[in-house]
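Coordinates from input-v8.cif are shown below (mmCIF, C-alpha atoms and all ligand atoms; chains and numbers go by the auth columns).
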```cif
data_entry
#
loop_
_atom_site.group_PDB
_atom_site.id
_atom_site.type_symbol
_atom_site.label_atom_id
_atom_site.label_comp_id
_atom_site.label_asym_id
_atom_site.label_seq_id
_atom_site.Cartn_x
_atom_site.Cartn_y
_atom_site.Cartn_z
_atom_site.B_iso_or_equiv
_atom_site.auth_seq_id
_atom_site.auth_asym_id
ATOM 1 C CA MET A 1 -10.807 -16.362 -3.764 0.00 1 A
ATOM 2 C CA TYR A 2 -8.130 -14.115 -5.174 0.00 2 A
ATOM 3 C CA ARG A 3 -4.722 -14.280 -6.782 0.00 3 A
ATOM 4 C CA ILE A 4 -1.772 -11.890 -6.586 0.00 4 A
ATOM 5 C CA VAL A 5 -0.439 -10.474 -9.868 0.00 5 A
ATOM 6 C CA THR A 6 1.875 -7.705 -11.013 0.00 6 A
ATOM 7 C CA LEU A 7 -0.430 -4.727 -11.525 0.00 7 A
ATOM 8 C CA THR A 8 -0.525 -3.630 -15.165 0.00 8 A
ATOM 9 C CA GLU A 9 -2.602 -1.160 -17.187 0.00 9 A
ATOM 10 C CA GLU A 10 -4.999 -3.928 -18.214 0.00 10 A
ATOM 11 C CA TYR A 11 -6.565 -3.603 -14.719 0.00 11 A
ATOM 12 C CA ILE A 12 -6.675 0.196 -14.622 0.00 12 A
ATOM 13 C CA GLU A 13 -10.474 0.739 -14.728 0.00 13 A
ATOM 14 C CA SER A 14 -11.020 -1.663 -11.871 0.00 14 A
ATOM 15 C CA LEU A 15 -8.062 -0.172 -9.981 0.00 15 A
ATOM 16 C CA VAL A 16 -9.564 3.335 -10.210 0.00 16 A
ATOM 17 C CA GLU A 17 -12.923 1.996 -8.954 0.00 17 A
ATOM 18 C CA LEU A 18 -11.222 0.500 -5.912 0.00 18 A
ATOM 19 C CA GLU A 19 -9.223 3.684 -5.348 0.00 19 A
ATOM 20 C CA ASN A 20 -12.416 5.794 -5.386 0.00 20 A
ATOM 21 C CA LEU A 21 -14.020 3.422 -2.913 0.00 21 A
ATOM 22 C CA CYS A 22 -11.095 3.496 -0.475 0.00 22 A
ATOM 23 C CA PHE A 23 -9.867 7.110 -0.408 0.00 23 A
ATOM 24 C CA ASP A 24 -11.328 10.616 -0.028 0.00 24 A
ATOM 25 C CA GLU A 25 -8.658 12.008 -2.333 0.00 25 A
ATOM 26 C CA PRO A 26 -8.177 9.147 -4.787 0.00 26 A
ATOM 27 C CA TRP A 27 -5.443 8.929 -7.386 0.00 27 A
ATOM 28 C CA THR A 28 -6.736 9.474 -10.924 0.00 28 A
ATOM 29 C CA LYS A 29 -6.360 7.175 -13.889 0.00 29 A
ATOM 30 C CA GLY A 30 -3.684 9.496 -15.320 0.00 30 A
ATOM 31 C CA MET A 31 -1.642 9.309 -12.117 0.00 31 A
ATOM 32 C CA PHE A 32 -1.732 5.509 -12.199 0.00 32 A
ATOM 33 C CA VAL A 33 -0.869 5.284 -15.915 0.00 33 A
ATOM 34 C CA GLY A 34 2.303 7.296 -15.333 0.00 34 A
ATOM 35 C CA ASP A 35 3.264 5.238 -12.329 0.00 35 A
ATOM 36 C CA LEU A 36 2.556 1.792 -13.747 0.00 36 A
ATOM 37 C CA SER A 37 4.691 2.421 -16.802 0.00 37 A
ATOM 38 C CA SER A 38 7.737 3.609 -14.849 0.00 38 A
ATOM 39 C CA GLU A 39 10.767 1.404 -14.326 0.00 39 A
ATOM 40 C CA TYR A 40 11.178 2.967 -10.862 0.00 40 A
ATOM 41 C CA THR A 41 7.940 1.587 -9.460 0.00 41 A
ATOM 42 C CA CYS A 42 6.573 -1.772 -8.459 0.00 42 A
ATOM 43 C CA TYR A 43 2.883 -2.588 -8.002 0.00 43 A
ATOM 44 C CA PHE A 44 1.060 -5.772 -7.043 0.00 44 A
ATOM 45 C CA ALA A 45 -2.685 -6.419 -7.051 0.00 45 A
ATOM 46 C CA ALA A 46 -5.077 -8.979 -5.631 0.00 46 A
ATOM 47 C CA ILE A 47 -7.529 -10.034 -8.362 0.00 47 A
ATOM 48 C CA ASP A 48 -10.800 -11.812 -7.605 0.00 48 A
ATOM 49 C CA ASP A 49 -12.588 -14.508 -9.645 0.00 49 A
ATOM 50 C CA ASP A 50 -14.378 -11.809 -11.702 0.00 50 A
ATOM 51 C CA ASN A 51 -11.006 -10.329 -12.685 0.00 51 A
ATOM 52 C CA LYS A 52 -11.574 -7.251 -10.485 0.00 52 A
ATOM 53 C CA VAL A 53 -8.857 -5.554 -8.449 0.00 53 A
ATOM 54 C CA VAL A 54 -9.767 -6.106 -4.794 0.00 54 A
ATOM 55 C CA GLY A 55 -6.477 -4.893 -3.364 0.00 55 A
ATOM 56 C CA TYR A 56 -3.250 -3.247 -4.425 0.00 56 A
ATOM 57 C CA ALA A 57 0.044 -2.020 -3.035 0.00 57 A
ATOM 58 C CA GLY A 58 2.783 -0.055 -4.728 0.00 58 A
ATOM 59 C CA MET A 59 6.133 1.557 -4.146 0.00 59 A
ATOM 60 C CA TRP A 60 8.568 3.923 -5.769 0.00 60 A
ATOM 61 C CA ILE A 61 12.174 2.794 -5.853 0.00 61 A
ATOM 62 C CA SER A 62 14.940 5.362 -5.496 0.00 62 A
ATOM 63 C CA VAL A 63 18.563 4.231 -5.242 0.00 63 A
ATOM 64 C CA ASP A 64 18.540 2.002 -2.140 0.00 64 A
ATOM 65 C CA GLU A 65 15.140 2.846 -0.685 0.00 65 A
ATOM 66 C CA GLY A 66 11.553 1.898 -1.415 0.00 66 A
ATOM 67 C CA GLN A 67 8.714 4.299 -0.678 0.00 67 A
ATOM 68 C CA ILE A 68 5.202 2.935 -0.409 0.00 68 A
ATOM 69 C CA THR A 69 2.751 4.958 -2.477 0.00 69 A
ATOM 70 C CA ASN A 70 -0.395 3.276 -1.234 0.00 70 A
ATOM 71 C CA VAL A 71 -2.050 0.138 0.031 0.00 71 A
ATOM 72 C CA ALA A 72 -5.793 -0.479 -0.261 0.00 72 A
ATOM 73 C CA VAL A 73 -8.125 -3.444 0.025 0.00 73 A
ATOM 74 C CA HIS A 74 -11.814 -3.587 -0.951 0.00 74 A
ATOM 75 C CA PRO A 75 -14.049 -3.401 2.162 0.00 75 A
ATOM 76 C CA ASP A 76 -15.576 -6.845 1.385 0.00 76 A
ATOM 77 C CA PHE A 77 -12.106 -8.426 1.314 0.00 77 A
ATOM 78 C CA ARG A 78 -10.536 -6.863 4.395 0.00 78 A
ATOM 79 C CA ARG A 79 -9.062 -8.770 7.336 0.00 79 A
ATOM 80 C CA LYS A 80 -8.142 -11.721 5.115 0.00 80 A
ATOM 81 C CA ASN A 81 -4.403 -10.930 5.084 0.00 81 A
ATOM 82 C CA ILE A 82 -4.506 -9.480 1.551 0.00 82 A
ATOM 83 C CA ALA A 83 -2.660 -6.276 2.494 0.00 83 A
ATOM 84 C CA THR A 84 -0.113 -8.357 4.386 0.00 84 A
ATOM 85 C CA GLU A 85 0.434 -10.570 1.352 0.00 85 A
ATOM 86 C CA LEU A 86 0.797 -7.569 -0.973 0.00 86 A
ATOM 87 C CA LEU A 87 3.347 -5.977 1.376 0.00 87 A
ATOM 88 C CA SER A 88 5.267 -9.226 1.511 0.00 88 A
ATOM 89 C CA ARG A 89 5.545 -9.196 -2.311 0.00 89 A
ATOM 90 C CA LEU A 90 6.960 -5.660 -2.144 0.00 90 A
ATOM 91 C CA PHE A 91 9.455 -6.746 0.542 0.00 91 A
ATOM 92 C CA ASP A 92 10.614 -9.618 -1.709 0.00 92 A
ATOM 93 C CA VAL A 93 11.368 -7.105 -4.466 0.00 93 A
ATOM 94 C CA CYS A 94 13.217 -4.851 -1.982 0.00 94 A
ATOM 95 C CA ARG A 95 15.400 -7.769 -0.885 0.00 95 A
ATOM 96 C CA LYS A 96 16.047 -8.945 -4.455 0.00 96 A
ATOM 97 C CA ARG A 97 17.118 -5.445 -5.496 0.00 97 A
ATOM 98 C CA GLY A 98 19.275 -4.993 -2.401 0.00 98 A
ATOM 99 C CA LEU A 99 17.291 -2.050 -1.020 0.00 99 A
ATOM 100 C CA GLN A 100 18.242 -0.997 2.515 0.00 100 A
ATOM 101 C CA SER A 101 14.814 0.144 3.667 0.00 101 A
ATOM 102 C CA ILE A 102 11.220 0.899 2.789 0.00 102 A
ATOM 103 C CA THR A 103 9.346 3.925 4.150 0.00 103 A
ATOM 104 C CA LEU A 104 5.824 5.317 4.144 0.00 104 A
ATOM 105 C CA GLU A 105 3.628 8.064 5.529 0.00 105 A
ATOM 106 C CA VAL A 106 0.247 7.362 7.067 0.00 106 A
ATOM 107 C CA ARG A 107 -2.438 9.560 8.629 0.00 107 A
ATOM 108 C CA GLN A 108 -1.983 9.626 12.396 0.00 108 A
ATOM 109 C CA SER A 109 -5.650 8.637 12.909 0.00 109 A
ATOM 110 C CA ASN A 110 -5.451 5.620 10.564 0.00 110 A
ATOM 111 C CA GLU A 111 -5.098 3.089 13.334 0.00 111 A
ATOM 112 C CA LYS A 112 -5.816 0.028 11.194 0.00 112 A
ATOM 113 C CA ALA A 113 -3.104 0.928 8.676 0.00 113 A
ATOM 114 C CA ILE A 114 -0.626 1.757 11.458 0.00 114 A
ATOM 115 C CA ASN A 115 -1.405 -1.657 12.992 0.00 115 A
ATOM 116 C CA LEU A 116 -0.926 -3.318 9.607 0.00 116 A
ATOM 117 C CA TYR A 117 2.471 -1.693 9.074 0.00 117 A
ATOM 118 C CA GLY A 118 3.590 -2.308 12.667 0.00 118 A
ATOM 119 C CA LYS A 119 2.693 -5.967 12.350 0.00 119 A
ATOM 120 C CA ASN A 120 4.776 -6.139 9.173 0.00 120 A
ATOM 121 C CA GLY A 121 7.961 -4.795 10.709 0.00 121 A
ATOM 122 C CA PHE A 122 7.645 -1.029 10.212 0.00 122 A
ATOM 123 C CA LEU A 123 8.711 1.231 13.094 0.00 123 A
ATOM 124 C CA SER A 124 7.428 4.779 13.661 0.00 124 A
ATOM 125 C CA VAL A 125 10.387 7.081 13.184 0.00 125 A
ATOM 126 C CA GLY A 126 8.806 10.536 13.201 0.00 126 A
ATOM 127 C CA LEU A 127 5.897 12.848 12.526 0.00 127 A
ATOM 128 C CA ARG A 128 5.380 15.214 9.618 0.00 128 A
ATOM 129 C CA LYS A 129 3.245 18.037 11.042 0.00 129 A
ATOM 130 C CA ASN A 130 0.103 18.883 9.023 0.00 130 A
ATOM 131 C CA TYR A 131 1.357 16.807 6.117 0.00 131 A
ATOM 132 C CA TYR A 132 -2.180 15.978 4.944 0.00 132 A
ATOM 133 C CA LYS A 133 -4.961 18.352 3.853 0.00 133 A
ATOM 134 C CA ASN A 134 -8.748 17.796 3.823 0.00 134 A
ATOM 135 C CA PRO A 135 -8.714 17.266 6.743 0.00 135 A
ATOM 136 C CA ALA A 136 -5.384 18.622 7.938 0.00 136 A
ATOM 137 C CA GLU A 137 -3.548 15.963 9.865 0.00 137 A
ATOM 138 C CA ASN A 138 -0.065 14.860 10.856 0.00 138 A
ATOM 139 C CA ALA A 139 1.611 11.998 9.033 0.00 139 A
ATOM 140 C CA VAL A 140 3.373 9.256 10.924 0.00 140 A
ATOM 141 C CA LEU A 141 6.602 8.347 9.134 0.00 141 A
ATOM 142 C CA MET A 142 7.360 4.625 9.306 0.00 142 A
ATOM 143 C CA THR A 143 10.385 2.629 8.143 0.00 143 A
ATOM 144 C CA LYS A 144 11.356 -1.006 7.804 0.00 144 A
ATOM 145 C CA THR A 145 14.974 -1.997 7.213 0.00 145 A
ATOM 146 C CA PHE A 146 16.320 -5.052 5.379 0.00 146 A
ATOM 147 C CA ASN A 147 19.718 -5.474 6.973 0.00 147 A
ATOM 148 C CA ASP A 148 18.533 -8.699 8.675 0.00 148 A
HETATM 149 C C1 LIG B . -5.512 -0.795 5.968 0.00 201 A
HETATM 150 C C2 LIG B . -5.964 -1.866 4.979 0.00 201 A
HETATM 151 C C3 LIG B . -5.101 -1.746 3.732 0.00 201 A
HETATM 152 C C4 LIG B . -5.761 -3.247 5.632 0.00 201 A
HETATM 153 O O1 LIG B . -6.031 -4.273 4.648 0.00 201 A
HETATM 154 P P1 LIG B . -6.384 -5.786 5.081 0.00 201 A
HETATM 155 O O2 LIG B . -6.207 -6.656 3.901 0.00 201 A
HETATM 156 O O3 LIG B . -7.697 -5.811 5.758 0.00 201 A
HETATM 157 O O4 LIG B . -5.237 -6.081 6.156 0.00 201 A
HETATM 158 P P2 LIG B . -4.774 -7.529 6.700 0.00 201 A
HETATM 159 O O5 LIG B . -5.923 -8.483 6.674 0.00 201 A
HETATM 160 O O6 LIG B . -3.531 -7.929 6.002 0.00 201 A
HETATM 161 O O7 LIG B . -4.487 -7.153 8.225 0.00 201 A
HETATM 162 C C5 LIG B . -3.218 -7.304 8.827 0.00 201 A
HETATM 163 C C6 LIG B . -3.199 -6.600 10.167 0.00 201 A
HETATM 164 O O8 LIG B . -3.504 -5.200 10.028 0.00 201 A
HETATM 165 C C7 LIG B . -4.226 -4.727 11.187 0.00 201 A
HETATM 166 N N1 LIG B . -5.595 -4.365 10.831 0.00 201 A
HETATM 167 C C8 LIG B . -6.199 -4.526 9.617 0.00 201 A
HETATM 168 N N2 LIG B . -7.478 -4.057 9.676 0.00 201 A
HETATM 169 C C9 LIG B . -7.668 -3.598 10.923 0.00 201 A
HETATM 170 C C10 LIG B . -8.784 -3.003 11.607 0.00 201 A
HETATM 171 N N3 LIG B . -9.971 -2.806 10.979 0.00 201 A
HETATM 172 N N4 LIG B . -8.623 -2.638 12.894 0.00 201 A
HETATM 173 C C11 LIG B . -7.441 -2.825 13.546 0.00 201 A
HETATM 174 N N5 LIG B . -6.355 -3.399 12.966 0.00 201 A
HETATM 175 C C12 LIG B . -6.462 -3.780 11.674 0.00 201 A
HETATM 176 C C13 LIG B . -4.266 -5.928 12.134 0.00 201 A
HETATM 177 O O9 LIG B . -3.080 -5.886 12.920 0.00 201 A
HETATM 178 C C14 LIG B . -4.233 -7.095 11.163 0.00 201 A
HETATM 179 O O10 LIG B . -3.806 -8.294 11.724 0.00 201 A
HETATM 180 P P3 LIG B . -4.912 -9.290 12.411 0.00 201 A
HETATM 181 O O11 LIG B . -6.039 -9.446 11.417 0.00 201 A
HETATM 182 O O12 LIG B . -4.137 -10.546 12.659 0.00 201 A
HETATM 183 O O13 LIG B . -5.348 -8.579 13.667 0.00 201 A
HETATM 184 C C15 LIG B . -7.473 -1.725 4.617 0.00 201 A
HETATM 185 O O14 LIG B . -8.217 -1.595 5.809 0.00 201 A
HETATM 186 C C16 LIG B . -7.783 -0.527 3.737 0.00 201 A
HETATM 187 O O15 LIG B . -7.752 -0.629 2.504 0.00 201 A
HETATM 188 N N6 LIG B . -8.120 0.641 4.327 0.00 201 A
HETATM 189 C C17 LIG B . -8.473 1.843 3.554 0.00 201 A
HETATM 190 C C18 LIG B . -7.285 2.393 2.805 0.00 201 A
HETATM 191 C C19 LIG B . -6.134 2.747 3.726 0.00 201 A
HETATM 192 O O16 LIG B . -6.303 3.339 4.788 0.00 201 A
HETATM 193 N N7 LIG B . -4.898 2.405 3.279 0.00 201 A
HETATM 194 C C20 LIG B . -3.668 2.710 3.989 0.00 201 A
HETATM 195 C C21 LIG B . -3.218 4.064 3.567 0.00 201 A
HETATM 196 S S1 LIG B . -1.636 4.457 4.301 0.00 201 A
#
```

In structure tokens, how does this file's structure come out?
Ligand SMILES: CC(C)(COP(=O)(O)OP(=O)(O)OC[C@H]1O[C@@H](n2cnc3c(N)ncnc32)[C@H](O)[C@@H]1OP(=O)(O)O)[C@@H](O)C(=O)NCCC(=O)NCCS
Amino acid sequence: MYRIVTLTEEYIESLVELENLCFDEPWTKGMFVGDLSSEYTCYFAAIDDDNKVVGYAGMWISVDEGQITNVAVHPDFRRKNIATELLSRLFDVCRKRGLQSITLEVRQSNEKAINLYGKNGFLSVGLRKNYYKNPAENAVLMTKTFND
């Protein structure tokens, strides 16, 4: 079981654990502290019965556009629609704030994430050549609009 909450600093240790588990180049605690305290960001987390972060998604908000910073779900909790639910919370905020679109970059080889975003209304709109390092890889640029 899990519940969705607004991600705050109270969960930061558990958030960093999840981040280290999910990414080769994880964000640090310091990077999260700065982001979580900004008025130009929005983060949601899935919290399990032990009060651990088992998933999170965040975005930066600039003028009329959201930009997803990251989405991650603990391996034991994947394929249960948690990422989909977290994205849906971000979309609600986009609509409430009157944002026109939300964008993201994703590694070209990250098929499961590209599927996730495609299923949630993002379209591939371009490639950023060699955007990622370690290993070098293109980024697929994806966008979802809210003019519906
Ligand atoms: C990508 C990730 C966030 C998906 O989280 P999740 O909670 O398992 O995703 P959901 O259960 O909401 O899945 C929704 C859809 O995404 C796609 N998807 C998710 N996992 C997939 C997989 N292993 N293979 C193929 N498609 C997958 C499917 O279309 C799925 O719908 P379906 O289950 O009806 O087929 C998770 O695998 C993860 O944390 N990966 C490591 C971190 C990462 O790559 N983050 C994205 C960085 S841009």

* Env. residues ligand LIG 201 (chain A) / 9 Å / all atoms listed in the file / as a ChimeraX atom specification -> /A:19,21-23,55-57,68-75,77-87,104-107,110-120

Output, as lines of an AutoDock Vina configuration file, the centre and edge lengths in Å (one decimal) of the axis-aligned box that contains all listed atoms of stretch 89-101 of chain A with 5 Å of margin on each side.
```
center_x = 12.4
center_y = -4.7
center_z = -0.9
size_x = 23.7
size_y = 19.8
size_z = 19.2
```

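Between atom CA of A:Thr6 and atom CA of A:Leu123 the separation is 26.6 Å.
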
* **Answer as number ranges by chain, residues within 8 Å of (-10.2, -2.9, -10.3) using only C-alpha atoms** => A: 11-18, 47, 51-54

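Here atom CA of A:Asn147 is placed at a distance of 8.2 Å from atom CA of A:Ser101.
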
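Each of A:Ser124, A:Asn20, A:Thr8, A:Ser62 was compared to A:Ala46 using all atoms listed in the file, and A:Thr8 turns out to be the nearest.
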
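Minimum atom-to-atom distances from A:Asp24, A:Tyr43, A:Arg3, A:Met59 to A:Asn134 were compared using all atoms listed in the file, and the lowest value belongs to A:Asp24.
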
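Computed from the coordinates, the atom CA of A:Arg128 to atom CA of A:Leu141 distance equals 7.0 Å.
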
Enumerate, as a PDB file with C-alpha atoms, in the coordinates of the input, the residues matched when the PyMOL selection byres (((chain A and resi 41) around 8) and not hetatm) is run on the file above.
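Result saved to out-v4.pdb:
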```
ATOM      1  CA  ASP A  35       3.264   5.238 -12.329  1.00  0.00           C
ATOM      2  CA  LEU A  36       2.556   1.792 -13.747  1.00  0.00           C
ATOM      3  CA  SER A  38       7.737   3.609 -14.849  1.00  0.00           C
ATOM      4  CA  GLU A  39      10.767   1.404 -14.326  1.00  0.00           C
ATOM      5  CA  TYR A  40      11.178   2.967 -10.862  1.00  0.00           C
ATOM      6  CA  CYS A  42       6.573  -1.772  -8.459  1.00  0.00           C
ATOM      7  CA  TYR A  43       2.883  -2.588  -8.002  1.00  0.00           C
ATOM      8  CA  GLY A  58       2.783  -0.055  -4.728  1.00  0.00           C
ATOM      9  CA  MET A  59       6.133   1.557  -4.146  1.00  0.00           C
ATOM     10  CA  TRP A  60       8.568   3.923  -5.769  1.00  0.00           C
ATOM     11  CA  ILE A  61      12.174   2.794  -5.853  1.00  0.00           C
TER      12      ILE A  61
END
```

* Asked: What residues come out when you apply the PyMOL selection byres (((chain A and resi 125) around 10) and not hetatm) to this file, written as a PyMOL selection string?
  -> chain A and resi 103+122-124+126-127+140-144

Dump of C-alpha atoms for the selected residues, as a PDB file, in the coordinates of the input:
```
ATOM      1  CA  THR A 103       9.346   3.925   4.150  1.00  0.00           C
ATOM      2  CA  PHE A 122       7.645  -1.029  10.212  1.00  0.00           C
ATOM      3  CA  LEU A 123       8.711   1.231  13.094  1.00  0.00           C
ATOM      4  CA  SER A 124       7.428   4.779  13.661  1.00  0.00           C
ATOM      5  CA  GLY A 126       8.806  10.536  13.201  1.00  0.00           C
ATOM      6  CA  LEU A 127       5.897  12.848  12.526  1.00  0.00           C
ATOM      7  CA  VAL A 140       3.373   9.256  10.924  1.00  0.00           C
ATOM      8  CA  LEU A 141       6.602   8.347   9.134  1.00  0.00           C
ATOM      9  CA  MET A 142       7.360   4.625   9.306  1.00  0.00           C
ATOM     10  CA  THR A 143      10.385   2.629   8.143  1.00  0.00           C
ATOM     11  CA  LYS A 144      11.356  -1.006   7.804  1.00  0.00           C
TER      12      LYS A 144
END
```

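The environment of A:Asn138 within 6 Å, counting only C-alpha atoms and disregarding residues fewer than 3 places along the same chain, consists of Gln108, Arg128, Lys129, Asn130 and Tyr131 of chain A.
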
* Considering all atoms listed in the file, return as a PyMOL selection string whatever protein or nucleic-acid residues lie within 10 Å of A:Val63, sequence-local ones (same chain, fewer than 6 positions apart) excluded. => chain A and resi 40+97-100

Based on the selection just made, write C-alpha atoms of those residues as a CSV table (one decimal), in the frame of the given file.
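Written file, again_25.csv:
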```
chain,number,residue,atom,x,y,z
A,40,TYR,CA,11.2,3.0,-10.9
A,97,ARG,CA,17.1,-5.4,-5.5
A,98,GLY,CA,19.3,-5.0,-2.4
A,99,LEU,CA,17.3,-2.0,-1.0
A,100,GLN,CA,18.2,-1.0,2.5
```

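Here the question is which of A:Leu90, A:Glu137, A:Phe146, A:Glu9 gets nearest to A:Gly34 using all atoms listed in the file, and that residue is A:Glu9.
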
* Of the residues A:Met31, A:Ala136, A:Leu7, A:Glu65, which is the one nearest to A:Ala45, using only C-alpha atoms? -> A:Leu7

Would you mind writing stretch 6-25 of chain A with N, CA and C atoms, as a PDB file, in the coordinates of the input?
```pdb
ATOM      1  N   THR A   6       1.252  -9.012 -10.788  1.00  0.00           N
ATOM      2  CA  THR A   6       1.875  -7.705 -11.013  1.00  0.00           C
ATOM      3  C   THR A   6       0.800  -6.810 -11.620  1.00  0.00           C
ATOM      4  N   LEU A   7       0.644  -5.622 -11.061  1.00  0.00           N
ATOM      5  CA  LEU A   7      -0.430  -4.727 -11.525  1.00  0.00           C
ATOM      6  C   LEU A   7      -0.008  -4.042 -12.828  1.00  0.00           C
ATOM      7  N   THR A   8      -0.819  -4.235 -13.869  1.00  0.00           N
ATOM      8  CA  THR A   8      -0.525  -3.630 -15.165  1.00  0.00           C
ATOM      9  C   THR A   8      -1.741  -2.806 -15.609  1.00  0.00           C
ATOM     10  N   GLU A   9      -1.545  -2.062 -16.705  1.00  0.00           N
ATOM     11  CA  GLU A   9      -2.602  -1.160 -17.187  1.00  0.00           C
ATOM     12  C   GLU A   9      -3.887  -1.885 -17.562  1.00  0.00           C
ATOM     13  N   GLU A  10      -3.791  -3.180 -17.831  1.00  0.00           N
ATOM     14  CA  GLU A  10      -4.999  -3.928 -18.214  1.00  0.00           C
ATOM     15  C   GLU A  10      -6.067  -3.864 -17.099  1.00  0.00           C
ATOM     16  N   TYR A  11      -5.628  -3.628 -15.848  1.00  0.00           N
ATOM     17  CA  TYR A  11      -6.565  -3.603 -14.719  1.00  0.00           C
ATOM     18  C   TYR A  11      -6.960  -2.189 -14.300  1.00  0.00           C
ATOM     19  N   ILE A  12      -6.620  -1.184 -15.129  1.00  0.00           N
ATOM     20  CA  ILE A  12      -6.675   0.196 -14.622  1.00  0.00           C
ATOM     21  C   ILE A  12      -8.092   0.661 -14.251  1.00  0.00           C
ATOM     22  N   GLU A  13      -9.107   0.264 -15.036  1.00  0.00           N
ATOM     23  CA  GLU A  13     -10.474   0.739 -14.728  1.00  0.00           C
ATOM     24  C   GLU A  13     -10.898   0.219 -13.352  1.00  0.00           C
ATOM     25  N   SER A  14     -10.646  -1.041 -13.134  1.00  0.00           N
ATOM     26  CA  SER A  14     -11.020  -1.663 -11.871  1.00  0.00           C
ATOM     27  C   SER A  14     -10.191  -1.093 -10.709  1.00  0.00           C
ATOM     28  N   LEU A  15      -8.933  -0.777 -10.992  1.00  0.00           N
ATOM     29  CA  LEU A  15      -8.062  -0.172  -9.981  1.00  0.00           C
ATOM     30  C   LEU A  15      -8.618   1.189  -9.547  1.00  0.00           C
ATOM     31  N   VAL A  16      -9.036   1.995 -10.514  1.00  0.00           N
ATOM     32  CA  VAL A  16      -9.564   3.335 -10.210  1.00  0.00           C
ATOM     33  C   VAL A  16     -10.873   3.224  -9.409  1.00  0.00           C
ATOM     34  N   GLU A  17     -11.696   2.229  -9.742  1.00  0.00           N
ATOM     35  CA  GLU A  17     -12.923   1.996  -8.954  1.00  0.00           C
ATOM     36  C   GLU A  17     -12.593   1.722  -7.495  1.00  0.00           C
ATOM     37  N   LEU A  18     -11.622   0.843  -7.281  1.00  0.00           N
ATOM     38  CA  LEU A  18     -11.222   0.500  -5.912  1.00  0.00           C
ATOM     39  C   LEU A  18     -10.659   1.733  -5.198  1.00  0.00           C
ATOM     40  N   GLU A  19      -9.842   2.481  -5.912  1.00  0.00           N
ATOM     41  CA  GLU A  19      -9.223   3.684  -5.348  1.00  0.00           C
ATOM     42  C   GLU A  19     -10.304   4.670  -4.889  1.00  0.00           C
ATOM     43  N   ASN A  20     -11.333   4.866  -5.728  1.00  0.00           N
ATOM     44  CA  ASN A  20     -12.416   5.794  -5.386  1.00  0.00           C
ATOM     45  C   ASN A  20     -13.199   5.313  -4.170  1.00  0.00           C
ATOM     46  N   LEU A  21     -13.292   4.002  -4.039  1.00  0.00           N
ATOM     47  CA  LEU A  21     -14.020   3.422  -2.913  1.00  0.00           C
ATOM     48  C   LEU A  21     -13.245   3.593  -1.608  1.00  0.00           C
ATOM     49  N   CYS A  22     -11.918   3.569  -1.690  1.00  0.00           N
ATOM     50  CA  CYS A  22     -11.095   3.496  -0.475  1.00  0.00           C
ATOM     51  C   CYS A  22     -10.569   4.838   0.031  1.00  0.00           C
ATOM     52  N   PHE A  23     -10.514   5.859  -0.828  1.00  0.00           N
ATOM     53  CA  PHE A  23      -9.867   7.110  -0.408  1.00  0.00           C
ATOM     54  C   PHE A  23     -10.712   8.344  -0.701  1.00  0.00           C
ATOM     55  N   ASP A  24     -10.632   9.346   0.183  1.00  0.00           N
ATOM     56  CA  ASP A  24     -11.328  10.616  -0.028  1.00  0.00           C
ATOM     57  C   ASP A  24     -10.665  11.429  -1.131  1.00  0.00           C
ATOM     58  N   GLU A  25      -9.364  11.293  -1.259  1.00  0.00           N
ATOM     59  CA  GLU A  25      -8.658  12.008  -2.333  1.00  0.00           C
ATOM     60  C   GLU A  25      -7.946  10.971  -3.212  1.00  0.00           C
TER      61      GLU A  25
END
```
